[in-house]
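Novice: Coordinates in upload.cif, mmCIF, C-alpha atoms, are listed below.
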data_upload
loop_
_atom_site.label_atom_id
_atom_site.label_comp_id
_atom_site.auth_asym_id
_atom_site.auth_seq_id
_atom_site.Cartn_x
_atom_site.Cartn_y
_atom_site.Cartn_z
CA MET A 1 -15.51 41.26 18.72
CA PRO A 2 -14.08 40.55 15.28
CA GLY A 3 -10.98 38.41 15.62
CA GLY A 4 -11.73 37.77 19.27
CA SER A 5 -11.95 34.53 21.19
CA GLY A 6 -15.64 34.81 22.02
CA THR A 7 -14.88 36.12 25.50
CA GLY A 8 -14.49 39.73 24.54
CA PHE A 9 -10.67 39.52 24.50
CA PRO A 10 -8.38 39.16 21.47
CA ARG A 11 -7.05 35.66 20.89
CA SER A 12 -3.43 34.99 21.73
CA PRO A 13 -1.07 34.00 18.89
CA ALA A 14 -1.06 30.44 20.23
CA ASP A 15 -4.88 30.30 20.16
CA ALA A 16 -4.95 31.70 16.64
CA TYR A 17 -2.37 29.11 15.55
CA ALA A 18 -4.34 26.26 17.13
CA ALA A 19 -7.57 27.48 15.53
CA VAL A 20 -6.01 27.10 12.07
CA VAL A 21 -3.67 24.14 12.47
CA GLY A 22 -5.92 21.84 14.49
CA PRO A 23 -8.77 21.66 11.96
CA ALA A 24 -6.29 21.60 9.06
CA ILE A 25 -4.48 18.55 10.44
CA ALA A 26 -7.79 16.79 11.10
CA GLU A 27 -8.83 17.39 7.50
CA LEU A 28 -5.41 16.25 6.21
CA VAL A 29 -5.77 12.98 8.12
CA GLU A 30 -9.21 12.52 6.59
CA ILE A 31 -7.88 13.27 3.10
CA ARG A 32 -5.02 10.76 3.49
CA ALA A 33 -7.47 8.09 4.61
CA LYS A 34 -9.64 8.73 1.56
CA MET A 35 -6.58 8.63 -0.72
CA ALA A 36 -5.53 5.30 0.78
CA ALA A 37 -9.02 3.90 0.27
CA LEU A 38 -8.95 4.99 -3.38
CA GLN A 39 -5.52 3.43 -3.87
CA ALA A 40 -6.77 0.17 -2.40
CA ARG A 41 -9.72 0.30 -4.77
CA GLU A 42 -7.36 0.98 -7.68
CA ALA A 43 -5.36 -2.11 -6.76
CA THR A 44 -8.57 -4.14 -6.68
CA LEU A 45 -9.56 -2.95 -10.16
CA LEU A 46 -6.10 -3.54 -11.63
CA ALA A 47 -6.01 -7.08 -10.24
CA LEU A 48 -9.55 -7.66 -11.52
CA CYS A 49 -8.58 -6.54 -15.03
CA ASP A 50 -5.46 -8.69 -14.99
CA ASN A 51 -7.53 -11.71 -13.99
CA ALA A 52 -9.90 -10.99 -16.88
CA ALA A 53 -6.95 -10.85 -19.30
CA ALA A 54 -5.64 -14.16 -17.97
CA THR A 55 -9.07 -15.77 -18.30
CA LEU A 56 -9.42 -14.53 -21.88
CA ALA A 57 -6.00 -15.88 -22.84
CA LYS A 58 -6.75 -19.24 -21.25
CA THR A 59 -10.22 -19.51 -22.80
CA GLU A 60 -8.93 -18.67 -26.27
CA ASN A 61 -5.88 -20.89 -25.75
CA HIS A 62 -3.34 -18.19 -26.59
CA PRO A 63 0.01 -19.78 -27.55
CA ASP A 64 2.00 -17.10 -25.71
CA ARG A 65 0.33 -18.03 -22.39
CA GLY A 66 -1.32 -14.65 -22.11
CA GLU A 67 1.68 -12.40 -22.62
CA PHE A 68 0.02 -10.45 -25.43
CA ALA A 69 -3.24 -10.18 -23.48
CA HIS A 70 -1.45 -8.73 -20.44
CA ARG A 71 0.62 -6.34 -22.54
CA SER A 72 -2.49 -5.18 -24.37
CA LEU A 73 -4.23 -4.63 -21.04
CA ALA A 74 -1.34 -2.49 -19.75
CA ALA A 75 -1.42 -0.45 -22.97
CA GLU A 76 -5.20 0.01 -22.78
CA ILE A 77 -5.16 1.13 -19.14
CA GLY A 78 -2.09 3.27 -19.68
CA PHE A 79 -3.75 5.08 -22.57
CA ALA A 80 -6.87 5.72 -20.48
CA VAL A 81 -4.95 7.19 -17.51
CA ARG A 82 -2.16 8.78 -19.58
CA GLU A 83 0.68 6.63 -18.26
CA SER A 84 3.28 4.56 -20.08
CA ASP A 85 2.70 0.85 -20.73
CA ARG A 86 5.71 0.00 -18.57
CA ALA A 87 4.55 2.09 -15.61
CA THR A 88 1.08 0.59 -15.86
CA ALA A 89 2.42 -2.97 -16.06
CA HIS A 90 4.48 -2.29 -12.93
CA LYS A 91 1.40 -1.01 -11.09
CA ILE A 92 -0.60 -4.06 -12.16
CA ALA A 93 2.11 -6.40 -10.87
CA ARG A 94 2.18 -4.61 -7.53
CA ALA A 95 -1.59 -4.63 -7.31
CA ILE A 96 -1.70 -8.39 -7.88
CA THR A 97 0.88 -8.98 -5.17
CA LEU A 98 -1.01 -6.76 -2.72
CA VAL A 99 -4.48 -8.15 -3.41
CA LYS A 100 -3.61 -11.84 -3.71
CA HIS A 101 -0.68 -12.28 -1.34
CA TYR A 102 -1.37 -9.68 1.35
CA PRO A 103 -5.15 -9.36 1.76
CA ALA A 104 -4.88 -8.01 5.32
CA VAL A 105 -2.50 -5.28 4.16
CA HIS A 106 -4.86 -4.48 1.29
CA ALA A 107 -7.77 -4.23 3.72
CA ALA A 108 -5.80 -1.96 6.07
CA LEU A 109 -4.99 0.31 3.12
CA GLY A 110 -8.68 0.44 2.24
CA ARG A 111 -9.52 1.53 5.79
CA GLY A 112 -6.84 4.23 5.72
CA LYS A 113 -4.85 2.56 8.50
CA ILE A 114 -1.68 2.52 6.39
CA SER A 115 -0.47 4.37 3.30
CA GLN A 116 0.40 3.14 -0.17
CA ALA A 117 4.06 3.60 0.78
CA HIS A 118 3.61 1.16 3.68
CA ALA A 119 1.94 -1.37 1.38
CA ASN A 120 4.76 -1.05 -1.17
CA VAL A 121 7.41 -1.66 1.51
CA ILE A 122 5.62 -4.78 2.74
CA CYS A 123 5.15 -6.20 -0.77
CA ASP A 124 8.72 -5.45 -1.86
CA ALA A 125 10.34 -6.92 1.26
CA GLY A 126 8.10 -9.97 1.06
CA GLU A 127 9.45 -11.00 -2.35
CA VAL A 128 12.08 -13.17 -0.66
CA ILE A 129 9.34 -15.38 0.78
CA GLY A 130 8.32 -16.50 -2.69
CA ALA A 131 5.10 -16.40 -4.69
CA ASP A 132 4.14 -20.08 -4.40
CA VAL A 133 0.71 -21.05 -3.12
CA ASP A 134 1.62 -24.25 -1.28
CA ASP A 135 0.60 -24.50 2.36
CA ALA A 136 4.10 -23.91 3.73
CA THR A 137 4.64 -20.71 1.72
CA LEU A 138 1.16 -19.45 2.55
CA ALA A 139 1.84 -19.97 6.25
CA ARG A 140 5.19 -18.13 6.08
CA ARG A 141 3.67 -15.25 4.15
CA ALA A 142 0.74 -14.98 6.57
CA ALA A 143 3.11 -14.88 9.56
CA TYR A 144 5.19 -12.17 7.89
CA GLU A 145 2.08 -10.15 6.99
CA ARG A 146 0.77 -10.35 10.53
CA GLN A 147 4.07 -9.17 12.04
CA VAL A 148 4.77 -6.26 9.70
CA LEU A 149 1.19 -4.99 9.54
CA ALA A 150 1.18 -4.41 13.27
CA VAL A 151 4.31 -2.29 12.89
CA ALA A 152 3.08 -0.49 9.76
CA GLN A 153 0.10 0.93 11.61
CA GLU A 154 2.40 2.59 14.17
CA GLU A 155 5.52 3.58 12.20
CA THR A 156 6.44 5.56 9.09
CA SER A 157 7.16 3.66 5.90
CA GLY A 158 10.85 4.56 6.24
CA ARG A 159 11.11 3.03 9.70
CA LEU A 160 9.06 0.05 8.58
CA ARG A 161 11.48 -0.84 5.75
CA PRO A 162 14.36 -2.38 7.78
CA ILE A 163 11.88 -4.11 10.07
CA ALA A 164 10.04 -5.60 7.08
CA TRP A 165 13.33 -6.77 5.55
CA GLY A 166 14.31 -8.45 8.80
CA GLN A 167 10.94 -10.14 9.28
CA ALA A 168 10.83 -11.31 5.65
CA GLU A 169 14.33 -12.77 5.96
CA THR A 170 13.14 -15.06 8.77
CA GLN A 171 10.48 -16.43 6.42
CA ALA A 172 12.58 -16.48 3.23
CA LEU A 173 12.29 -19.46 0.90
CA ARG A 174 15.99 -19.33 -0.10
CA SER A 175 19.06 -18.31 1.86
CA LEU A 176 20.63 -14.87 1.52
CA ASP A 177 23.76 -16.38 -0.06
CA GLU A 178 21.70 -18.11 -2.75
CA ARG A 179 19.75 -14.96 -3.55
CA HIS A 180 22.92 -12.86 -3.59
CA ARG A 181 24.54 -15.13 -6.18
CA ASP A 182 21.56 -14.68 -8.48
CA ALA A 183 21.27 -10.94 -7.81
CA ALA A 184 24.96 -10.39 -8.60
CA ARG A 185 24.32 -11.59 -12.13
CA ALA A 186 22.12 -8.51 -12.60
CA ARG A 187 24.95 -6.07 -11.86
CA ARG A 188 25.16 -3.30 -14.42
CA VAL A 189 25.98 0.34 -15.11
CA VAL A 190 23.42 2.63 -16.74
CA LEU A 191 23.46 6.24 -17.85
CA VAL A 192 20.42 8.43 -17.12
CA GLU A 193 20.19 11.78 -18.90
CA GLN A 194 19.51 14.83 -16.69
CA PRO A 195 18.78 18.49 -17.53
CA ASP A 196 21.46 21.17 -17.96
CA GLY A 197 24.00 18.92 -19.64
CA MET A 198 24.29 16.47 -16.71
CA THR A 199 23.85 12.71 -16.34
CA ASP A 200 23.48 10.17 -13.55
CA ILE A 201 25.75 7.11 -13.68
CA ILE A 202 24.02 4.34 -11.76
CA ALA A 203 26.06 1.24 -10.92
CA THR A 204 24.33 -1.82 -9.46
CA VAL A 205 27.03 -3.85 -7.71
CA PRO A 206 27.36 -6.16 -4.70
CA ALA A 207 27.03 -4.14 -1.50
CA ILE A 208 30.55 -4.90 -0.29
CA TYR A 209 32.02 -3.38 -3.46
CA GLY A 210 29.64 -0.43 -3.48
CA LYS A 211 30.52 0.46 0.10
CA GLY A 212 34.20 -0.03 -0.68
CA VAL A 213 33.99 2.35 -3.65
CA MET A 214 32.18 4.96 -1.57
CA ASP A 215 34.67 4.61 1.27
CA ARG A 216 37.56 5.07 -1.15
CA LEU A 217 35.97 8.20 -2.61
CA ASP A 218 35.40 9.52 0.93
CA GLN A 219 39.07 8.98 1.76
CA ILE A 220 40.21 10.75 -1.40
CA ALA A 221 37.83 13.65 -0.79
CA TRP A 222 39.10 14.21 2.75
CA VAL A 223 42.74 13.94 1.68
CA VAL A 224 42.15 16.60 -0.97
CA LYS A 225 40.05 18.76 1.36
CA ASN A 226 42.68 18.71 4.11
CA ALA A 227 45.40 19.49 1.58
CA ASN A 228 43.35 22.47 0.41
CA ARG A 229 42.98 23.71 4.00
CA ASN A 230 46.71 23.42 4.57
CA ALA A 231 47.35 25.31 1.35
CA GLU A 232 44.99 28.06 2.43
CA GLY A 233 46.80 28.30 5.76
CA ASP A 234 50.20 28.53 4.04
CA ALA A 235 48.87 31.29 1.83
CA THR A 236 48.07 33.53 4.81
CA ASP A 237 50.51 35.02 7.34
CA ASP A 238 49.88 35.47 11.06
CA SER A 239 48.25 38.85 10.52
CA GLY A 240 45.67 37.24 8.25
CA SER A 241 46.88 38.91 5.07
CA SER A 242 47.68 36.93 1.94
CA THR A 243 51.34 36.07 1.36
CA VAL A 244 50.85 35.09 -2.26
CA GLY A 245 49.49 36.83 -5.29
CA ASP A 246 46.05 36.50 -6.77
CA GLU A 247 47.48 34.04 -9.27
CA ARG A 248 47.24 31.26 -6.67
CA ALA A 249 43.86 29.60 -7.09
CA ILE A 250 42.11 28.30 -3.99
CA ASP A 251 40.27 25.00 -4.45
CA ASP A 252 36.79 25.74 -3.12
CA ARG A 253 35.14 22.47 -4.16
CA GLY A 254 32.83 20.75 -1.70
CA LEU A 255 33.23 17.11 -0.67
CA ASP A 256 30.57 15.91 -3.10
CA GLU A 257 32.29 17.71 -5.96
CA ILE A 258 35.67 16.21 -5.04
CA ARG A 259 34.21 12.69 -4.77
CA THR A 260 32.61 13.05 -8.19
CA ASP A 261 35.74 14.48 -9.82
CA ALA A 262 37.86 11.67 -8.31
CA PHE A 263 35.38 9.07 -9.55
CA VAL A 264 35.56 10.41 -13.12
CA GLU A 265 39.33 10.91 -13.08
CA MET A 266 40.06 7.39 -11.83
CA LEU A 267 37.87 5.82 -14.51
CA LEU A 268 38.92 7.95 -17.45
CA GLY A 269 42.56 8.11 -16.38
CA SER A 270 43.08 4.38 -15.89
CA ASP A 271 44.77 2.14 -18.44
CA PRO A 272 42.29 -0.54 -19.60
CA SER A 273 45.16 -2.72 -20.87
CA LYS A 274 46.46 -3.07 -17.31
CA MET A 275 43.13 -3.90 -15.72
CA LEU A 276 42.67 -7.49 -14.60
CA THR A 277 39.50 -9.49 -15.04
CA SER A 278 38.38 -11.47 -12.03
CA ARG A 279 35.69 -13.56 -13.78
CA GLY A 280 33.35 -13.25 -10.84
CA LYS A 281 35.94 -14.11 -8.16
CA GLY A 282 36.29 -10.59 -6.83
CA LEU A 283 37.91 -7.35 -7.89
CA PRO A 284 41.68 -6.90 -8.17
CA ARG A 285 43.11 -5.08 -5.17
CA SER A 286 43.48 -1.38 -5.72
CA ARG A 287 46.96 0.10 -5.50
CA LEU A 288 45.63 3.32 -3.95
CA GLU A 289 45.75 3.41 -0.18
CA PHE A 290 44.95 6.29 2.12
CA LYS A 291 45.79 6.42 5.77
#
Write the structure described by the file as structure tokens, please.

Specialist:
Amino acid sequence: MPGGSGTGFPRSPADAYAAVVGPAIAELVEIRAKMAALQAREATLLALCDNAAATLAKTENHPDRGEFAHRSLAAEIGFAVRESDRATAHKIARAITLVKHYPAVHAALGRGKISQAHANVICDAGEVIGADVDDATLARRAAYERQVLAVAQEETSGRLRPIAWGQAETQALRSLDERHRDAARARRVVLVEQPDGMTDIIATVPAIYGKGVMDRLDQIAWVVKNANRNAEGDATDDSGSSTVGDERAIDDRGLDEIRTDAFVEMLLGSDPSKMLTSRGKGLPRSRLEFK
């Protein structure tokens, strides 16, 4: 019978669901494996091209130690695949790290055992181990690769990230305090234009300050939100009818809106002449305190 199960009876909804979803998932798994294999091949080709650029620069004795050759390569590849030079250069750098430093991860990607996202997490976390090729560094990197690859084949890239960070830290070339001192010198604030007349303000700061800022904004938001709720309660009598006129505006902002408004108001409303500079020794203590 058309639409039947082959037994002469109509298929149940569960059987119909399984008939569609089962084969679809199997094909999706196959597609992801093929995508991973292609991404591994792309990394191989990018690393191969970079090596060719380095060889050319060395053979021709370029005075800039190959910088122009590598930049030209990124521009050439970027033009061919319609990507920016910067994006292409970033991909080349990642490909080199994957192919040269983590060959087992690269091979697993080629077999479809992990995704590109897994490979990126492993390479990014492994930066703290260092890029040297001495025996000690090679041994530390191999131990890290072996540990995280076993996890990567069983977990999502999101769950892998903290595990990879932890494993890399045990093999790190420099201590966390040393790396933090250097990283803090890269703190900055940037403005990113967004559609509809909006912007993102992105501040890169030491984690303790970032969490402190967010905690302060959370406190302010809840103080304002609770005050708004109390005001709404005062504006209504026991019968539920309003005791004030329509002229009383109710603040209906959400917590995210209040946090953002407080962030802007505190920055634009502060007096720069009264702000202290700490010269890297920590921020001056804020006078705002919320219970």

Novice: Return as a list in words the set of residues that the PyMOL selection byres ((chain A and resi 119-127) around 7) yields on the displayed structure.

Specialist: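 That selection, the PyMOL selection byres ((chain A and resi 119-127) around 7), comes back as Thr97, Leu98, Val105, Ser115, Gln116, Ala117, His118, Val128, Ile129, Gly130, Ser157, Arg161, Ala164, Trp165 and Ala168 of chain A.
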
Novice: Name the residues that the PyMOL selection byres ((chain A and resi 39-44) around 9) pulls out of this structure, and write them as a short mmCIF file (atom, residue, chain, number, x, y, z; two decimals) with C-alpha atoms, in the coordinates of the input.

Specialist:
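The resulting expr_23.cif:
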data_model
loop_
_atom_site.label_atom_id
_atom_site.label_comp_id
_atom_site.auth_asym_id
_atom_site.auth_seq_id
_atom_site.Cartn_x
_atom_site.Cartn_y
_atom_site.Cartn_z
CA LYS A 34 -9.64 8.73 1.56
CA MET A 35 -6.58 8.63 -0.72
CA ALA A 36 -5.53 5.30 0.78
CA ALA A 37 -9.02 3.90 0.27
CA LEU A 38 -8.95 4.99 -3.38
CA LEU A 45 -9.56 -2.95 -10.16
CA LEU A 46 -6.10 -3.54 -11.63
CA ALA A 47 -6.01 -7.08 -10.24
CA LEU A 48 -9.55 -7.66 -11.52
CA CYS A 49 -8.58 -6.54 -15.03
CA LYS A 91 1.40 -1.01 -11.09
CA ILE A 92 -0.60 -4.06 -12.16
CA ARG A 94 2.18 -4.61 -7.53
CA ALA A 95 -1.59 -4.63 -7.31
CA ILE A 96 -1.70 -8.39 -7.88
CA LEU A 98 -1.01 -6.76 -2.72
CA VAL A 99 -4.48 -8.15 -3.41
CA HIS A 106 -4.86 -4.48 1.29
CA ALA A 107 -7.77 -4.23 3.72
CA ALA A 108 -5.80 -1.96 6.07
CA LEU A 109 -4.99 0.31 3.12
CA GLY A 110 -8.68 0.44 2.24
CA ARG A 111 -9.52 1.53 5.79
CA SER A 115 -0.47 4.37 3.30
CA GLN A 116 0.40 3.14 -0.17
#

Novice: May I ask which of the residues A:Asp252, A:Val133, A:Arg181, A:Phe263 is the closest one to A:Ile201, counting all atoms listed in the file?

Specialist: A:Phe263

Novice: So what do you get for atom CA of A:Leu149 versus atom CA of A:Glu27, distance-wise?

Specialist: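 Spanning atom CA of A:Leu149 to atom CA of A:Glu27 is a straight-line distance of 24.6 Å.
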
Novice: Starting from the displayed file, determine the output of the PyMOL selection byres ((chain A and resi 190) around 6) and express the residue list as a list in words.

Specialist: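 Written out, the selection comes to Val189, Leu191, Ile201 and Ile202 of chain A.
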
Novice: Given all atoms listed in the file as the basis, pick out the residue of A:Asp261, A:Glu169, A:Asp64, A:Asp177 nearest to A:Leu217.

Specialist: A:Asp261

Novice: Which polymer residues, whether protein, DNA or RNA, lie within 12 Å of the coordinate (3.4, -18.4, 9.5) when you count only C-alpha atoms? List them as an MDAnalysis selection string, using the chain letters and numbers from the file.

Specialist: chainID A and resid 129 135:147 167:168 170:172

Novice: Please, what distance in Å, to one decimal, runs between atom CA of A:Ala150 and atom CA of A:Ala93?

Specialist: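 Computing it gives 24.2 Å between the two atoms.
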
Novice: Pick from A:Gly112, A:Glu193, A:Thr199, A:Ala183: nearest to A:Ile31, with only C-alpha atoms counted?

Specialist: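 Selected residue with least distance to A:Ile31: A:Gly112.
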
Novice: Rank nothing, just name the residue among A:Ala184, A:Ala131, A:Asp218, A:Arg174 nearest to A:Lys100, using all atoms listed in the file.

Specialist: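 Closest residue, counting all atoms listed in the file: A:Ala131.
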
Novice: Let me make sure I understand: among A:Thr156, A:Ser72, A:Asn51, A:Ser12, which one has the smallest atom-to-atom distance to A:Arg86 if we use all atoms listed in the file?

Specialist: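 Of A:Thr156, A:Ser72, A:Asn51, A:Ser12, the one nearest A:Arg86, counting all atoms listed in the file, is A:Ser72.
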
Novice: One decimal, in Å: what's the spacing between atom CA of A:Ala203 and atom CA of A:Leu176?

Specialist: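 Separation between atom CA of A:Ala203 and atom CA of A:Leu176: 21.1 Å.
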